[in-house]
file my_file-v6.csv (CSV, C-alpha atoms)
chain,number,residue,atom,x,y,z
A,1,MET,CA,-35.9,160.6,128.2
A,2,GLU,CA,-37.2,158.2,125.5
A,3,GLN,CA,-34.3,156.7,123.5
A,4,PRO,CA,-34.3,156.8,119.7
A,5,GLN,CA,-35.7,153.7,118.2
A,6,HIS,CA,-32.8,152.5,116.0
A,7,GLN,CA,-31.4,149.5,117.9
A,8,GLN,CA,-31.6,147.5,114.7
A,9,TRP,CA,-29.0,149.6,113.0
A,10,LYS,CA,-25.9,147.6,113.6
A,11,GLY,CA,-23.2,149.8,112.1
A,12,THR,CA,-21.2,147.1,110.5
A,13,THR,CA,-19.9,146.9,107.0
A,14,GLY,CA,-22.0,144.5,104.9
A,15,GLY,CA,-20.9,141.4,103.0
A,16,THR,CA,-19.3,138.1,103.9
A,17,PRO,CA,-15.6,137.9,104.9
A,18,TRP,CA,-14.8,136.3,101.6
A,19,MET,CA,-16.5,139.1,99.6
A,20,GLN,CA,-14.7,141.7,101.6
A,21,ARG,CA,-11.3,140.1,101.2
A,22,THR,CA,-11.9,139.8,97.5
A,23,LEU,CA,-12.8,143.5,97.3
A,24,VAL,CA,-9.5,144.4,99.0
A,25,ARG,CA,-7.5,142.4,96.5
A,26,CYS,CA,-9.4,143.7,93.5
A,27,MET,CA,-10.4,147.3,94.2
A,28,GLY,CA,-6.8,148.7,94.3
A,29,ARG,CA,-6.4,147.6,90.6
A,30,MET,CA,-9.9,148.1,89.2
A,31,ASN,CA,-11.2,151.2,87.4
A,32,LEU,CA,-13.3,152.9,90.0
A,33,PRO,CA,-15.7,154.7,87.5
A,34,LEU,CA,-16.5,151.3,86.0
A,35,VAL,CA,-17.1,149.8,89.4
A,36,TYR,CA,-19.4,152.7,90.3
A,37,ALA,CA,-21.3,152.2,87.1
A,38,GLY,CA,-22.0,148.5,88.0
A,39,MET,CA,-23.0,149.6,91.5
A,40,ALA,CA,-25.5,152.0,90.1
A,41,LEU,CA,-27.5,149.1,88.8
A,42,VAL,CA,-27.5,147.4,92.2
A,43,VAL,CA,-28.6,150.4,94.3
A,44,PRO,CA,-32.4,150.2,93.5
A,45,PHE,CA,-32.4,146.6,94.8
A,46,TYR,CA,-30.7,147.7,98.0
A,47,MET,CA,-33.2,150.5,98.4
A,48,LEU,CA,-36.0,147.9,97.9
A,49,PHE,CA,-34.8,145.5,100.5
A,50,ASN,CA,-33.4,148.0,103.0
A,51,HIS,CA,-36.8,149.5,103.7
A,52,GLN,CA,-35.9,151.0,107.1
A,53,GLY,CA,-32.9,152.9,105.6
A,54,TYR,CA,-34.9,154.0,102.6
A,55,LEU,CA,-37.7,155.5,104.7
A,56,SER,CA,-35.3,157.3,107.1
A,57,GLN,CA,-33.5,158.9,104.2
A,58,TYR,CA,-36.8,159.8,102.4
A,59,HIS,CA,-38.0,161.5,105.6
A,60,PHE,CA,-34.6,163.4,105.8
A,61,PHE,CA,-35.0,164.9,102.4
A,62,ARG,CA,-38.7,165.6,102.8
A,63,ARG,CA,-38.7,167.0,106.4
A,64,ARG,CA,-35.2,168.4,106.8
A,65,MET,CA,-34.3,169.4,103.2
A,66,ARG,CA,-37.9,170.3,102.4
A,67,HIS,CA,-37.8,168.6,99.0
A,68,ASN,CA,-40.9,167.5,97.2
A,69,ALA,CA,-41.8,163.8,97.0
A,70,LEU,CA,-40.4,163.1,93.5
A,71,ARG,CA,-37.2,164.9,94.2
A,72,ALA,CA,-36.8,163.2,97.6
A,73,PHE,CA,-37.1,159.8,95.9
A,74,PHE,CA,-34.2,160.6,93.5
A,75,ASP,CA,-32.3,162.1,96.5
A,76,VAL,CA,-32.5,158.8,98.3
A,77,TYR,CA,-31.1,157.0,95.3
A,78,ALA,CA,-28.2,159.6,95.1
A,79,ASN,CA,-27.6,159.1,98.8
A,80,HIS,CA,-27.4,155.3,98.6
A,81,PHE,CA,-25.1,155.6,95.5
A,82,ARG,CA,-22.8,158.0,97.4
A,83,PHE,CA,-22.8,155.6,100.4
A,84,GLY,CA,-21.8,152.7,98.1
A,85,GLN,CA,-19.0,154.8,96.7
A,86,THR,CA,-17.5,155.6,100.1
A,87,ILE,CA,-17.6,151.9,101.1
A,88,LEU,CA,-15.9,150.9,97.8
A,89,ASP,CA,-13.3,153.7,98.2
A,90,ARG,CA,-12.4,152.4,101.7
A,91,PHE,CA,-11.7,148.9,100.2
A,92,ALA,CA,-9.9,150.5,97.2
A,93,PHE,CA,-7.7,152.3,99.7
A,94,TYR,CA,-7.0,149.1,101.6
A,95,GLY,CA,-6.0,147.6,98.2
A,96,GLY,CA,-3.5,150.4,97.5
A,97,ALA,CA,-5.6,153.0,95.5
A,98,HIS,CA,-4.7,156.7,96.0
A,99,PHE,CA,-7.1,159.5,96.6
A,100,LYS,CA,-6.4,163.3,96.6
A,101,LEU,CA,-7.5,165.0,99.7
A,102,THR,CA,-7.7,168.8,100.1
A,103,VAL,CA,-7.5,169.7,103.7
A,104,GLU,CA,-9.1,172.9,105.0
A,105,GLY,CA,-8.3,174.0,108.6
A,106,ASN,CA,-5.3,171.7,109.1
A,107,LYS,CA,-3.4,174.5,110.8
A,108,ARG,CA,-5.5,174.4,113.9
A,109,PHE,CA,-5.1,170.6,114.1
A,110,LEU,CA,-1.3,170.9,113.9
A,111,GLU,CA,-1.3,173.7,116.5
A,112,LEU,CA,-3.1,171.4,118.9
A,113,CYS,CA,-0.7,168.6,118.1
A,114,ASN,CA,2.2,170.9,119.1
A,115,ASP,CA,0.6,171.8,122.5
A,116,GLU,CA,1.3,169.7,125.5
A,117,GLY,CA,-2.3,168.9,126.4
A,118,GLY,CA,-4.6,166.3,124.8
A,119,PHE,CA,-7.6,167.1,122.7
A,120,MET,CA,-10.6,165.4,121.0
A,121,GLN,CA,-11.3,164.8,117.3
A,122,ILE,CA,-15.0,164.3,116.6
A,123,GLY,CA,-16.2,162.6,113.4
A,124,SER,CA,-19.7,161.9,112.0
A,125,HIS,CA,-21.5,159.4,109.9
A,126,VAL,CA,-21.3,161.8,106.9
A,127,GLY,CA,-18.7,161.5,104.1
A,128,ASN,CA,-15.8,159.1,104.7
A,129,PHE,CA,-14.4,159.9,108.2
A,130,GLU,CA,-12.1,156.9,108.2
A,131,LEU,CA,-10.0,158.5,105.5
A,132,ALA,CA,-9.1,161.2,108.0
A,133,GLY,CA,-7.1,158.7,110.0
A,134,TYR,CA,-5.0,158.0,106.9
A,135,THR,CA,-4.4,161.7,105.9
A,136,LEU,CA,-4.3,163.9,109.1
A,137,THR,CA,-1.0,162.4,110.1
A,138,GLN,CA,1.6,163.8,112.5
A,139,ASP,CA,4.3,162.5,114.7
A,140,LYS,CA,3.7,164.6,117.9
A,141,LYS,CA,0.8,162.8,119.5
A,142,THR,CA,-0.7,159.3,119.4
A,143,ILE,CA,-4.3,159.3,118.0
A,144,ASN,CA,-6.5,156.9,120.0
A,145,ALA,CA,-9.4,156.1,117.6
A,146,LEU,CA,-12.5,154.7,119.2
A,147,VAL,CA,-14.0,152.1,116.7
A,148,PHE,CA,-17.0,149.8,116.8
A,149,GLY,CA,-15.8,146.5,118.3
A,150,GLY,CA,-18.4,144.5,116.3
A,151,GLU,CA,-17.0,145.5,112.9
A,152,THR,CA,-16.0,142.6,110.6
A,153,GLY,CA,-12.7,140.9,110.9
A,154,THR,CA,-11.6,141.8,107.4
A,155,VAL,CA,-12.2,145.5,108.0
A,156,MET,CA,-10.4,145.4,111.3
A,157,GLU,CA,-7.4,143.5,109.9
A,158,ASN,CA,-7.0,146.1,107.1
A,159,ARG,CA,-7.3,149.0,109.5
A,160,ASP,CA,-4.6,147.5,111.6
A,161,ARG,CA,-2.4,147.0,108.6
A,162,VAL,CA,-2.9,150.5,107.2
A,163,PHE,CA,-2.4,152.1,110.6
A,164,GLU,CA,0.6,150.0,111.5
A,165,HIS,CA,3.2,152.6,110.6
A,166,GLN,CA,1.1,155.6,111.6
A,167,ASN,CA,0.9,157.2,115.0
A,168,LEU,CA,-2.5,155.8,115.6
A,169,ARG,CA,-4.0,153.3,118.1
A,170,LEU,CA,-7.4,151.6,117.9
A,171,ILE,CA,-9.6,151.4,121.0
A,172,LEU,CA,-12.4,148.9,120.6
A,173,THR,CA,-15.8,149.5,122.1
A,174,GLY,CA,-17.3,146.6,124.0
A,175,THR,CA,-19.8,145.7,126.7
A,176,GLY,CA,-17.5,146.9,129.5
A,177,MET,CA,-16.0,150.3,130.4
A,178,ASP,CA,-12.5,149.6,129.4
A,179,HIS,CA,-12.7,152.0,126.4
A,180,VAL,CA,-13.8,154.8,128.8
A,181,PHE,CA,-10.7,154.3,131.0
A,182,GLU,CA,-8.5,154.2,127.9
A,183,MET,CA,-9.8,157.5,126.6
A,184,ASN,CA,-9.4,159.2,129.9
A,185,ARG,CA,-5.8,157.8,130.1
A,186,ALA,CA,-5.0,159.1,126.6
A,187,LEU,CA,-6.2,162.7,127.3
A,188,ALA,CA,-4.4,162.7,130.7
A,189,ASP,CA,-1.2,161.8,128.8
A,190,GLY,CA,-1.7,164.6,126.3
A,191,GLU,CA,-2.8,162.4,123.4
A,192,ILE,CA,-5.7,162.6,120.9
A,193,VAL,CA,-9.0,160.8,121.3
A,194,SER,CA,-10.9,160.4,118.0
A,195,MET,CA,-14.5,159.2,118.0
A,196,HIS,CA,-17.9,159.8,116.4
A,197,GLY,CA,-20.2,162.3,118.0
A,198,ASP,CA,-23.5,161.8,116.2
A,199,ARG,CA,-24.9,158.3,116.7
A,200,VAL,CA,-26.6,156.9,119.7
A,201,PHE,CA,-26.6,153.1,120.5
A,202,GLY,CA,-29.0,151.4,122.8
A,203,SER,CA,-29.4,153.0,126.2
A,204,GLN,CA,-26.7,155.6,126.0
A,205,LYS,CA,-27.4,158.9,127.7
A,206,THR,CA,-28.1,161.7,125.3
A,207,LEU,CA,-28.2,165.4,124.8
A,208,THR,CA,-30.9,167.2,122.8
A,209,CYS,CA,-29.6,169.5,120.1
A,210,ASN,CA,-31.0,171.5,117.2
A,211,ILE,CA,-29.8,170.2,113.8
A,212,LEU,CA,-31.3,171.5,110.6
A,213,GLY,CA,-34.0,173.3,112.6
A,214,ALA,CA,-35.3,170.2,114.4
A,215,GLN,CA,-34.6,168.3,117.6
A,216,ALA,CA,-32.2,165.3,117.6
A,217,GLU,CA,-30.4,163.3,120.2
A,218,LEU,CA,-26.6,163.1,120.3
A,219,PRO,CA,-24.6,160.8,122.6
A,220,MET,CA,-23.6,162.5,125.8
A,221,GLY,CA,-20.3,160.6,126.2
A,222,PRO,CA,-17.9,162.6,123.9
A,223,TYR,CA,-19.1,166.0,125.2
A,224,ILE,CA,-19.1,165.0,128.8
A,225,LEU,CA,-15.5,163.7,128.4
A,226,ALA,CA,-14.3,166.9,126.8
A,227,ALA,CA,-16.1,169.1,129.4
A,228,THR,CA,-14.8,167.0,132.3
A,229,ARG,CA,-11.2,166.9,131.1
A,230,ASP,CA,-11.5,170.6,129.8
A,231,VAL,CA,-9.7,169.8,126.6
A,232,PRO,CA,-10.1,171.3,123.1
A,233,MET,CA,-12.4,169.7,120.6
A,234,ILE,CA,-12.2,169.7,116.8
A,235,CYS,CA,-14.6,168.1,114.3
A,236,THR,CA,-13.5,166.6,111.0
A,237,PHE,CA,-15.7,166.0,107.9
A,238,VAL,CA,-14.2,164.1,104.9
A,239,MET,CA,-16.5,164.8,102.0
A,240,LYS,CA,-16.3,163.1,98.6
A,241,GLU,CA,-16.1,165.6,95.7
A,242,SER,CA,-15.3,163.4,92.7
A,243,VAL,CA,-14.0,159.9,91.8
A,244,TYR,CA,-10.6,160.3,93.3
A,245,THR,CA,-10.9,163.5,95.4
A,246,TYR,CA,-12.1,164.3,98.8
A,247,HIS,CA,-12.4,167.7,100.7
A,248,VAL,CA,-11.5,167.5,104.4
A,249,TYR,CA,-12.9,170.2,106.7
A,250,VAL,CA,-11.2,170.5,110.1
A,251,GLN,CA,-13.1,172.9,112.4
A,252,GLU,CA,-12.8,173.7,116.1
A,253,VAL,CA,-15.8,173.1,118.3
A,254,GLN,CA,-15.7,176.1,120.6
A,255,LEU,CA,-17.4,176.4,123.9
A,256,PRO,CA,-19.6,179.5,124.0
A,257,GLU,CA,-18.3,182.2,126.3
A,258,GLU,CA,-21.5,182.2,128.3
A,259,ALA,CA,-21.2,178.5,129.1
A,260,LYS,CA,-17.6,178.5,130.4
A,261,ASP,CA,-18.5,179.1,134.0
A,262,LYS,CA,-21.4,176.6,134.1
A,263,ASN,CA,-21.3,173.0,135.4
A,264,VAL,CA,-20.0,170.0,133.5
A,265,LYS,CA,-23.3,168.9,132.1
A,266,SER,CA,-24.2,172.4,130.9
A,267,ARG,CA,-20.8,172.8,129.2
A,268,ALA,CA,-21.2,169.4,127.6
A,269,ALA,CA,-24.6,170.4,126.2
A,270,ALA,CA,-23.1,173.6,124.9
A,271,LEU,CA,-20.3,171.7,123.2
A,272,ALA,CA,-22.8,169.3,121.7
A,273,GLN,CA,-24.9,172.2,120.2
A,274,ALA,CA,-21.7,173.8,118.9
A,275,TYR,CA,-20.9,170.5,117.1
A,276,ALA,CA,-24.5,170.3,115.9
A,277,ASP,CA,-24.1,173.7,114.3
A,278,ARG,CA,-21.1,172.5,112.4
A,279,LEU,CA,-22.9,169.4,111.3
A,280,THR,CA,-25.8,171.5,110.1
A,281,GLU,CA,-23.5,173.5,107.9
A,282,ILE,CA,-21.9,170.5,106.3
A,283,LEU,CA,-25.3,168.8,105.7
A,284,LYS,CA,-26.6,171.8,103.9
A,285,ARG,CA,-23.6,171.6,101.6
A,286,TYR,CA,-23.5,167.8,101.2
A,287,PRO,CA,-27.0,166.4,101.9
A,288,HIS,CA,-26.4,163.2,99.9
A,289,GLN,CA,-23.6,162.2,102.2
A,290,TRP,CA,-25.7,161.8,105.3
A,291,PHE,CA,-25.3,158.1,106.3
A,292,ASN,CA,-27.3,157.6,109.4
A,293,TYR,CA,-29.9,155.1,108.2
A,294,TYR,CA,-32.5,155.4,111.0
A,295,GLU,CA,-35.0,158.0,112.2
A,296,PHE,CA,-32.4,160.5,113.6
A,297,TRP,CA,-34.7,163.4,114.4
A,298,THR,CA,-37.4,163.3,117.1
A,299,ASP,CA,-39.5,165.9,115.3
A,300,LYS,CA,-41.9,164.3,112.8
A,301,ASP,CA,-42.7,167.4,110.8

call {"tool": "encode", "arguments": {"input": "my_file-v6.csv", "output": "structure tokens"}}
result
Amino acid sequence: MEQPQHQQWKGTTGGTPWMQRTLVRCMGRMNLPLVYAGMALVVPFYMLFNHQGYLSQYHFFRRRMRHNALRAFFDVYANHFRFGQTILDRFAFYGGAHFKLTVEGNKRFLELCNDEGGFMQIGSHVGNFELAGYTLTQDKKTINALVFGGETGTVMENRDRVFEHQNLRLILTGTGMDHVFEMNRALADGEIVSMHGDRVFGSQKTLTCNILGAQAELPMGPYILAATRDVPMICTFVMKESVYTYHVYVQEVQLPEEAKDKNVKSRAAALAQAYADRLTEILKRYPHQWFNYYEFWTDKD
């Protein structure tokens, strides 16, 4: 199967280490609405020079949301502005700022935490998934969060600092298979594995799913792992509502009854589509918080 052409999307947080450290020191004390206002002036230049990201988002609003050309242009601006807000919010949180999060569906999360077996928590590049790690806290199970090993040192240092007193452990992806062994070990020990389920890098194997009425490729790894280990799966979306508020949606990704007796790959495909259905619902509600800046869908119309 032909792989999506987005190898140039690196997935790291932009800016130099000095800039990022300065943001951490300042953002916790600064007035966020004022910072947002300054960022609003910068967004058009980012759109101009990040041509690949601009086009992918424009196509998203034209093809998937079915918006006309003028509306899609302003949608792209709103999307970039929202993305900038979530990045600034992350640094503000590192600096000590507080956000109010309303959690919907946390009961199921806590039920799974009280069970003996492990389970998987799937995130997406929508909203601000990282904040889930700071808010969905419990003391029953260790959360093993798979994170991109190529992220900047400043971001990794602050993640480690914030997570230090929480029941959370970071697993870094790399060129080897160590992270796969770590995830299998965590589930076997009855722990939680938290990872993204929507973005494909390089030559990963994929599963084809229907999202917003069109075909897209999802990474096979998370769903094969859940199907092989036969563990429950939840997905979490952390969506920005206003300056200091987020709405967290915790939803179970359930294997359809007709897929339960099928082989591992078929069960994985069914889980991936169940997740894709959840993702479709959230994108319809929050289209401006879709932050995959490459041509995600294989369909061109």

call {"tool": "closest_residue", "arguments": {"input": "my_file-v6.csv", "among": "A:Gln121, A:Thr245, A:Gln215, A:Asn128", "to": "Phe91 in chain A", "atoms": "only C-alpha atoms"}}
result
A:Asn128

call {"tool": "closest_residue", "arguments": {"input": "my_file-v6.csv", "among": "A:Tyr275, A:Met47, A:Thr280, A:Ile171", "to": "Phe83 in chain A", "atoms": "all atoms listed in the file"}}
result
A:Met47

call {"tool": "atom_distance", "arguments": {"input": "my_file-v6.csv", "atom1": "CA of Ser194 in chain A", "atom2": "CA of Lys100 in chain A"}}
result
22.1 Å

call {"tool": "closest_residue", "arguments": {"input": "my_file-v6.csv", "among": "A:Asn79, A:Gln251, A:Val35, A:Ala270", "to": "Ser56 in chain A", "atoms": "only C-alpha atoms"}}
result
A:Asn79

call {"tool": "residues_around", "arguments": {"input": "my_file-v6.csv", "residues": "range 178-190 of chain A", "least_positions_apart": "3", "cutoff": "8 Å", "atoms": "all atoms listed in the file", "output": "PyMOL selection string"}}
result
chain A and resi 116-119+141+144+146+171-174+193+225+229+231
